[in-house]
Structures are given as C-alpha cells and as structure tokens.
Amino acid sequence: MSENKLPSWNETSTKKSITDFVDKITKEGSPDFIPEEDRIAVFDNDGTLWTEQPFQIQIIYCLDRIKELGEKDPELVKSQPLKAFYEQDWKTVSEMTKKDIYEFVVTVLDGKTPDDFKKLVVNWFDKAVHPQFKQSYYKCYYQPQIELLRYLEDNGFKNFIVSGGGIDFMKAVCTNIYGIPDHRIIGSSFKTKVEYNGNIPVLVRLPELNSFNDKDEKVNNIHLHIGKKPVFAFGNSDGDLAMIRYTLSKDNGIAFILHHDDDGREVAYDREFKLSPLIEGLEVAVKEGINIVSMKNDWKRVFEDFKN
C-alpha cells in the first residue's frame, strides 16, 4: 500500500502517480515493464532537491568567498560584476542572467585545482548557516525528495543529478547529502588544462565556461554522460523543461515539476524568480502531461529536522 511508502508525502494523487508508475514498470510480464538497466531517473538540484532561496546555495557560497578575497585584494572587486557582489548591489546583480553569474563570477572564485576547490567548498559547508532557516546547508535538502531517491533505488532505478549548478561544487558535498555517487552528478563545468608535477599530470581549472548545464544543454549532457533517455524526471523551473520533455518522449516516461507554493514552511515563488523562473512549465503542464507537485499540499514536511 502506498501509505507505507514516501512517509513525508501526503496521500494525494501526486504520490499515487509516483507509486502507480513504479508498480507498473517493475512488474515483470506487464506491458509497461522497464528492465532495471533502463530505469534512469534524473533530478535537478537547486530548488528540486535542496533550497535555492534567497539565491542558489552556490551563489551564497560565492558571496561569502568574495568577501574574503576582496579583503585580501581590494583591486579584485573594483570592477563588475565582482564589485556588485562585494558591495551587495542587488540592483546590478538582479540585471544579470543565471549564465552571467556562473560564467563571470564562479570561474573567478574557483580554487586552482578541483581538489583545491573541493576543500574550499567543504570548509564553507562545515561552518555556514542558512540566513532564513538557521541551520547548516547540509540540512537544507528536502526530506520528501530524499525518500523519493531511496524509494526509486529500492525499485532498481539509477538516480542522476542533472543541474545547472557547478559539477565540482555539487560533487564536493552532494554525494554525502543524497547518497548519489560522483559519477552520477552532471552539472555546469569549466575548462581545465593538464600541467605536470614531474611526470604526474595535474588538472588545473581555467576561468572559462565549458558547459552551462541548463535548458537544452541538459539534454546534450544526458546523452553524453548517461547515454540513454531517462524514464523519470524531476525539476522545478523552465530550465528543466527540455530534460522533462526528453524524458516524456520515452515510452512510459513520467515527469514532475516542484511548485514552490508554500510561503509558511519555505518560500513561495515561481514566475518572479529571475534566476530560475517557472512560467512556461506551469502553462504547459496539463497539456504535456507533466505532474505539478505542490510543496504546500503534497508534502507533509519540507525539511527533516524542522517541525513543519
């Protein structure tokens, strides 16, 4: 019975659509049966698996990081866009696109090597506290989604993160948070080059965007890194629509969009969030067979340790 599955989900038609789908595609002999090797599930990260308010967590990391760098080297923050972030000039920041931010800010703030960057990110996560929820960013994941990941795994799925967030940023912490191995994390990437320490090749990060994993690029990277169409997709913004439509083009594919409509337990937003708006997704959901998940109505609780 579905009541024994996904305990942080309310007994709504949304939960039933998930459990009914899993039941039918895992039943051998069923015309809808999907072999385990084809049970691929893809999840966006920011706003889908963990909170993205008031900004994506990686952006908040950059805000803190630039304070440190600006204090050490004032010349670094005299020109845009770093100047706007350092001075918290939100009017200027609000005029930037999501891609602008990742291309012009994150690249500048990276550590020299992937290992250097990972240490910076982990050190920050170990100390940082979310300004609204007053808890560690390690705890800012959505408990219903953690349950969904485990439920799918228990039914033979391989879960992948396919996010616009930086791949190295996510790999630094997301395996520990979600239990998804590094090789199943796909995100925006930056170019690297190989330098040698004696005869040992060392990867060095370059301040140049390689792949901005948003919209159509998610489909390209799913093909490149996974090699087959997913049958289950979960996102929360128009940046996920291409991935969702790609999944629905597969026989028996199913897809979900998380609607942030709960201003009591999290933050209510959709169209007005410029960095990752949800506009078209709401308009086409019914027509295209996309399931809209109401945070307010479909989830019993949002975060694990909160009374919500």
# chains A, B, ... in the order shown; residues from 1 in each chain; ligands from 1
>>> select_by_dssp(residues="region 86-191 of chain A", states="alpha helix (DSSP H)", output="ChimeraX atom specification")
/A:86,90-94,98-101,107-109,114-127,143-154,167-178
>>> residues_around(residues="Val219 (chain A)", least_positions_apart="5", cutoff="8 Å", atoms="only C-alpha atoms", output="JSON, numbers by chain")
{"A": [242, 243, 246]}
>>> write_last_selection(atoms="C-alpha atoms", output="PDB file, in the first residue's frame")
ATOM      1  CA  ALA A 242      13.942  20.283 -22.115  1.00  0.00           C
ATOM      2  CA  MET A 243      15.053  17.466 -19.801  1.00  0.00           C
ATOM      3  CA  TYR A 246      13.116  14.464 -23.403  1.00  0.00           C
TER       4      TYR A 246
END
>>> residues_around(residues="Arg184 (chain A)", least_positions_apart="5", cutoff="9 Å", atoms="only C-alpha atoms", output="list of chain:residue names")
A:Lys158, A:Asn159, A:Phe160, A:Ile161, A:Val162, A:His225, A:Ile226
>>> write_last_selection(atoms="N, CA and C atoms", output="PDB file, in the first residue's frame")
ATOM      1  N   LYS A 158      18.516   3.921 -11.206  1.00  0.00           N
ATOM      2  CA  LYS A 158      19.762   4.660 -11.017  1.00  0.00           C
ATOM      3  C   LYS A 158      19.408   6.142 -11.049  1.00  0.00           C
ATOM      4  N   ASN A 159      19.702   6.846  -9.958  1.00  0.00           N
ATOM      5  CA  ASN A 159      19.405   8.269  -9.868  1.00  0.00           C
ATOM      6  C   ASN A 159      20.597   9.104 -10.312  1.00  0.00           C
ATOM      7  N   PHE A 160      20.325  10.132 -11.098  1.00  0.00           N
ATOM      8  CA  PHE A 160      21.336  11.087 -11.542  1.00  0.00           C
ATOM      9  C   PHE A 160      20.890  12.491 -11.173  1.00  0.00           C
ATOM     10  N   ILE A 161      21.836  13.342 -10.785  1.00  0.00           N
ATOM     11  CA  ILE A 161      21.585  14.772 -10.676  1.00  0.00           C
ATOM     12  C   ILE A 161      21.982  15.406 -11.997  1.00  0.00           C
ATOM     13  N   VAL A 162      21.075  16.204 -12.568  1.00  0.00           N
ATOM     14  CA  VAL A 162      21.355  16.935 -13.807  1.00  0.00           C
ATOM     15  C   VAL A 162      20.958  18.385 -13.541  1.00  0.00           C
ATOM     16  N   HIS A 225      26.655  11.850 -20.937  1.00  0.00           N
ATOM     17  CA  HIS A 225      27.103  11.223 -19.693  1.00  0.00           C
ATOM     18  C   HIS A 225      26.312   9.971 -19.310  1.00  0.00           C
ATOM     19  N   ILE A 226      25.055   9.889 -19.745  1.00  0.00           N
ATOM     20  CA  ILE A 226      24.233   8.728 -19.392  1.00  0.00           C
ATOM     21  C   ILE A 226      24.087   7.785 -20.577  1.00  0.00           C
TER      22      ILE A 226
END
>>> closest_atom_pairs(of="region 138-217 of chain A", to="region 44-58 of chain A", cutoff="10 Å", atoms="only C-alpha atoms", output="Markdown table")
| residue | atom | partner | partner_atom | distance |
| --- | --- | --- | --- | --- |
| A:Tyr138 | CA | A:Trp50 | CA | 9.3 |
| A:Lys139 | CA | A:Trp50 | CA | 8.7 |
| A:Cys140 | CA | A:Trp50 | CA | 5.6 |
| A:Tyr141 | CA | A:Trp50 | CA | 3.9 |
| A:Tyr142 | CA | A:Trp50 | CA | 5.6 |
| A:Gln143 | CA | A:Leu49 | CA | 8.5 |
| A:Pro144 | CA | A:Leu49 | CA | 8.9 |
| A:Gln145 | CA | A:Leu49 | CA | 6.1 |
| A:Ile146 | CA | A:Leu49 | CA | 7.7 |
| A:Leu149 | CA | A:Leu49 | CA | 9.7 |
| A:Phe160 | CA | A:Asp44 | CA | 8.7 |
| A:Ile161 | CA | A:Asp44 | CA | 5.8 |
| A:Val162 | CA | A:Asp44 | CA | 5.1 |
| A:Ser163 | CA | A:Asp44 | CA | 4.7 |
| A:Gly164 | CA | A:Asp44 | CA | 7.8 |
| A:Gly165 | CA | A:Gln58 | CA | 7.2 |
| A:Gly166 | CA | A:Gln58 | CA | 7.8 |
| A:Phe169 | CA | A:Gln58 | CA | 7.3 |
| A:Met170 | CA | A:Gln58 | CA | 8.8 |
| A:Cys174 | CA | A:Asn45 | CA | 9.3 |
| A:Ile177 | CA | A:Trp50 | CA | 9.8 |
| A:Tyr178 | CA | A:Leu49 | CA | 8.6 |
| A:Ile185 | CA | A:Asn45 | CA | 9.8 |
| A:Ile186 | CA | A:Asp44 | CA | 9.4 |
| A:Gly187 | CA | A:Asp44 | CA | 9.3 |
| A:Asp214 | CA | A:Asp44 | CA | 9.7 |
>>> write_last_selection(atoms="C-alpha atoms", output="short mmCIF file (atom, residue, chain, number, x, y, z; two decimals), in the first residue's frame")
data_model
loop_
_atom_site.label_atom_id
_atom_site.label_comp_id
_atom_site.auth_asym_id
_atom_site.auth_seq_id
_atom_site.Cartn_x
_atom_site.Cartn_y
_atom_site.Cartn_z
CA TYR A 138 23.95 20.25 4.84
CA LYS A 139 20.40 20.14 6.25
CA CYS A 140 18.73 22.30 3.60
CA TYR A 141 17.66 19.34 1.48
CA TYR A 142 14.01 18.39 1.05
CA GLN A 143 13.18 15.33 3.12
CA PRO A 144 10.41 14.10 0.76
CA GLN A 145 12.93 14.05 -2.08
CA ILE A 146 15.46 12.05 -0.07
CA LEU A 149 15.53 8.87 -4.13
CA PHE A 160 21.34 11.09 -11.54
CA ILE A 161 21.59 14.77 -10.68
CA VAL A 162 21.35 16.94 -13.81
CA SER A 163 21.67 20.52 -12.62
CA GLY A 164 22.78 23.96 -13.69
CA GLY A 165 24.93 24.09 -10.57
CA GLY A 166 28.68 23.65 -10.87
CA PHE A 169 30.62 22.28 -6.29
CA MET A 170 27.96 19.56 -6.18
CA CYS A 174 26.08 16.12 -2.74
CA ILE A 177 23.85 14.56 1.29
CA TYR A 178 21.93 12.48 -1.24
CA ILE A 185 26.34 14.06 -10.88
CA ILE A 186 26.09 16.19 -14.03
CA GLY A 187 26.39 19.97 -13.85
CA ASP A 214 20.68 24.44 -18.35
#
>>> closest_residue(among="A:Glu37, A:Asp182, A:Ile167, A:Leu282", to="Lys229 (chain A)", atoms="only C-alpha atoms")
A:Glu37
>>> atom_distance(atom1="CA of Phe33 (chain A)", atom2="CA of Glu147 (chain A)")
22.7 Å
>>> residues_around(residues="region 116-133 of chain A", least_positions_apart="2", cutoff="10 Å", atoms="only C-alpha atoms", output="PDB file with C-alpha atoms, in the first residue's frame")
ATOM      1  CA  THR A  51      16.522  25.022  -1.343  1.00  0.00           C
ATOM      2  CA  GLN A  53      16.317  30.794  -1.795  1.00  0.00           C
ATOM      3  CA  PRO A  54      17.241  33.606  -1.442  1.00  0.00           C
ATOM      4  CA  ILE A  57      23.490  27.820  -2.484  1.00  0.00           C
ATOM      5  CA  GLN A  58      26.491  28.086  -4.797  1.00  0.00           C
ATOM      6  CA  ILE A  60      25.648  32.286  -1.481  1.00  0.00           C
ATOM      7  CA  TYR A  61      28.979  30.481  -1.256  1.00  0.00           C
ATOM      8  CA  CYS A  62      30.358  32.928  -3.819  1.00  0.00           C
ATOM      9  CA  ASP A  64      30.906  34.716   1.243  1.00  0.00           C
ATOM     10  CA  ARG A  65      34.007  33.796  -0.729  1.00  0.00           C
ATOM     11  CA  LEU A 109      36.359  32.342  -7.399  1.00  0.00           C
ATOM     12  CA  ASP A 110      37.402  28.741  -8.086  1.00  0.00           C
ATOM     13  CA  GLY A 111      40.375  27.074  -6.493  1.00  0.00           C
ATOM     14  CA  LYS A 112      43.237  26.335  -8.854  1.00  0.00           C
ATOM     15  CA  THR A 113      42.643  22.576  -8.988  1.00  0.00           C
ATOM     16  CA  PRO A 114      39.468  20.526  -8.439  1.00  0.00           C
ATOM     17  CA  GLN A 135      20.537  25.557  10.042  1.00  0.00           C
ATOM     18  CA  SER A 136      23.523  24.099   8.233  1.00  0.00           C
ATOM     19  CA  TYR A 137      23.335  23.967   4.450  1.00  0.00           C
ATOM     20  CA  TYR A 138      23.950  20.252   4.838  1.00  0.00           C
ATOM     21  CA  LYS A 139      20.401  20.137   6.247  1.00  0.00           C
ATOM     22  CA  CYS A 140      18.734  22.303   3.596  1.00  0.00           C
ATOM     23  CA  ASP A 168      32.641  20.308  -8.847  1.00  0.00           C
ATOM     24  CA  PHE A 169      30.616  22.279  -6.294  1.00  0.00           C
ATOM     25  CA  MET A 170      27.959  19.563  -6.185  1.00  0.00           C
ATOM     26  CA  LYS A 171      30.441  16.700  -6.118  1.00  0.00           C
ATOM     27  CA  ALA A 172      32.106  18.246  -3.065  1.00  0.00           C
ATOM     28  CA  VAL A 173      29.002  17.708  -0.899  1.00  0.00           C
ATOM     29  CA  VAL A 204      44.140  22.947 -13.431  1.00  0.00           C
ATOM     30  CA  ARG A 205      40.826  24.808 -13.623  1.00  0.00           C
ATOM     31  CA  ARG A 265       7.456  26.291   5.540  1.00  0.00           C
ATOM     32  CA  GLU A 266       9.769  27.511   2.757  1.00  0.00           C
ATOM     33  CA  VAL A 267       9.338  30.304   0.158  1.00  0.00           C
ATOM     34  CA  PHE A 303      12.981  19.718   5.901  1.00  0.00           C
ATOM     35  CA  PHE A 306      12.027  21.111  11.282  1.00  0.00           C
TER      36      PHE A 306
END
>>> closest_residue(among="A:His260, A:Lys228, A:Lys215, A:Lys78", to="Asp240 (chain A)", atoms="only C-alpha atoms")
A:Lys215
>>> residues_around(residues="Ser79 (chain A)", least_positions_apart="6", cutoff="12 Å", atoms="only C-alpha atoms", output="mmCIF file with C-alpha atoms, in the first residue's frame")
data_model
loop_
_atom_site.group_PDB
_atom_site.id
_atom_site.type_symbol
_atom_site.label_atom_id
_atom_site.label_comp_id
_atom_site.auth_asym_id
_atom_site.auth_seq_id
_atom_site.Cartn_x
_atom_site.Cartn_y
_atom_site.Cartn_z
ATOM 1 C CA GLY A 70 38.054 41.310 -1.595
ATOM 2 C CA PHE A 85 28.543 41.163 -5.325
ATOM 3 C CA TYR A 86 31.154 42.507 -2.945
ATOM 4 C CA GLU A 87 29.077 45.625 -2.254
ATOM 5 C CA PHE A 104 31.773 35.695 -14.728
ATOM 6 C CA VAL A 105 31.729 35.045 -11.004
#
>>> closest_residue(among="A:Val108, A:Leu69, A:Ile257, A:Ala84", to="Met96 (chain A)", atoms="only C-alpha atoms")
A:Ala84
>>> atom_distance(atom1="CA of Ile40 (chain A)", atom2="CA of Pro230 (chain A)")
4.6 Å
>>> residues_around(residues="region 4-14 of chain A", least_positions_apart="4", cutoff="9 Å", atoms="only C-alpha atoms", output="list in words")
Ile18, Thr19, Gln143, Pro144, Gln145, Glu147, Leu148, Tyr151, Asn291, Ile292, Val293, Ser294, Asn297, Asp298, Trp299, Lys300, Arg301 and Val302 of chain A
>>> closest_residue(among="A:Val42, A:Glu288, A:Lys24, A:Val106", to="Ile222 (chain A)", atoms="only C-alpha atoms")
A:Val42
>>> select_by_dssp(residues="region 64-212 of chain A", states="strand (DSSP E)", output="PyMOL selection string")
chain A and resi 158-166+185-197+200-211
>>> write_last_selection(atoms="C-alpha atoms", output="short mmCIF file (atom, residue, chain, number, x, y, z; two decimals), in the first residue's frame")
data_model
loop_
_atom_site.label_atom_id
_atom_site.label_comp_id
_atom_site.auth_asym_id
_atom_site.auth_seq_id
_atom_site.Cartn_x
_atom_site.Cartn_y
_atom_site.Cartn_z
CA LYS A 158 19.76 4.66 -11.02
CA ASN A 159 19.40 8.27 -9.87
CA PHE A 160 21.34 11.09 -11.54
CA ILE A 161 21.59 14.77 -10.68
CA VAL A 162 21.35 16.94 -13.81
CA SER A 163 21.67 20.52 -12.62
CA GLY A 164 22.78 23.96 -13.69
CA GLY A 165 24.93 24.09 -10.57
CA GLY A 166 28.68 23.65 -10.87
CA ILE A 185 26.34 14.06 -10.88
CA ILE A 186 26.09 16.19 -14.03
CA GLY A 187 26.39 19.97 -13.85
CA SER A 188 27.87 23.09 -15.37
CA SER A 189 31.57 22.69 -15.96
CA PHE A 190 34.61 24.81 -16.60
CA LYS A 191 37.52 24.13 -18.88
CA THR A 192 40.66 22.55 -17.49
CA LYS A 193 44.18 22.01 -18.68
CA VAL A 194 46.83 19.50 -17.70
CA GLU A 195 50.05 20.65 -16.09
CA TYR A 196 52.81 18.36 -14.90
CA ASN A 197 54.35 17.96 -11.49
CA ILE A 200 52.38 13.42 -12.77
CA PRO A 201 49.56 15.13 -14.70
CA VAL A 202 47.64 17.68 -12.63
CA LEU A 203 44.28 19.15 -13.67
CA VAL A 204 44.14 22.95 -13.43
CA ARG A 205 40.83 24.81 -13.62
CA LEU A 206 40.55 27.63 -16.15
CA PRO A 207 38.31 30.72 -15.84
CA GLU A 208 36.36 29.71 -18.93
CA LEU A 209 32.94 28.08 -19.10
CA ASN A 210 32.90 24.65 -20.75
CA SER A 211 29.23 23.68 -20.49
#
>>> closest_residue(among="A:Phe232, A:Asp270, A:Gln88, A:Ile244", to="Asp216 (chain A)", atoms="only C-alpha atoms")
A:Ile244
>>> atom_distance(atom1="CA of Asp263 (chain A)", atom2="CA of Glu304 (chain A)")
17.3 Å
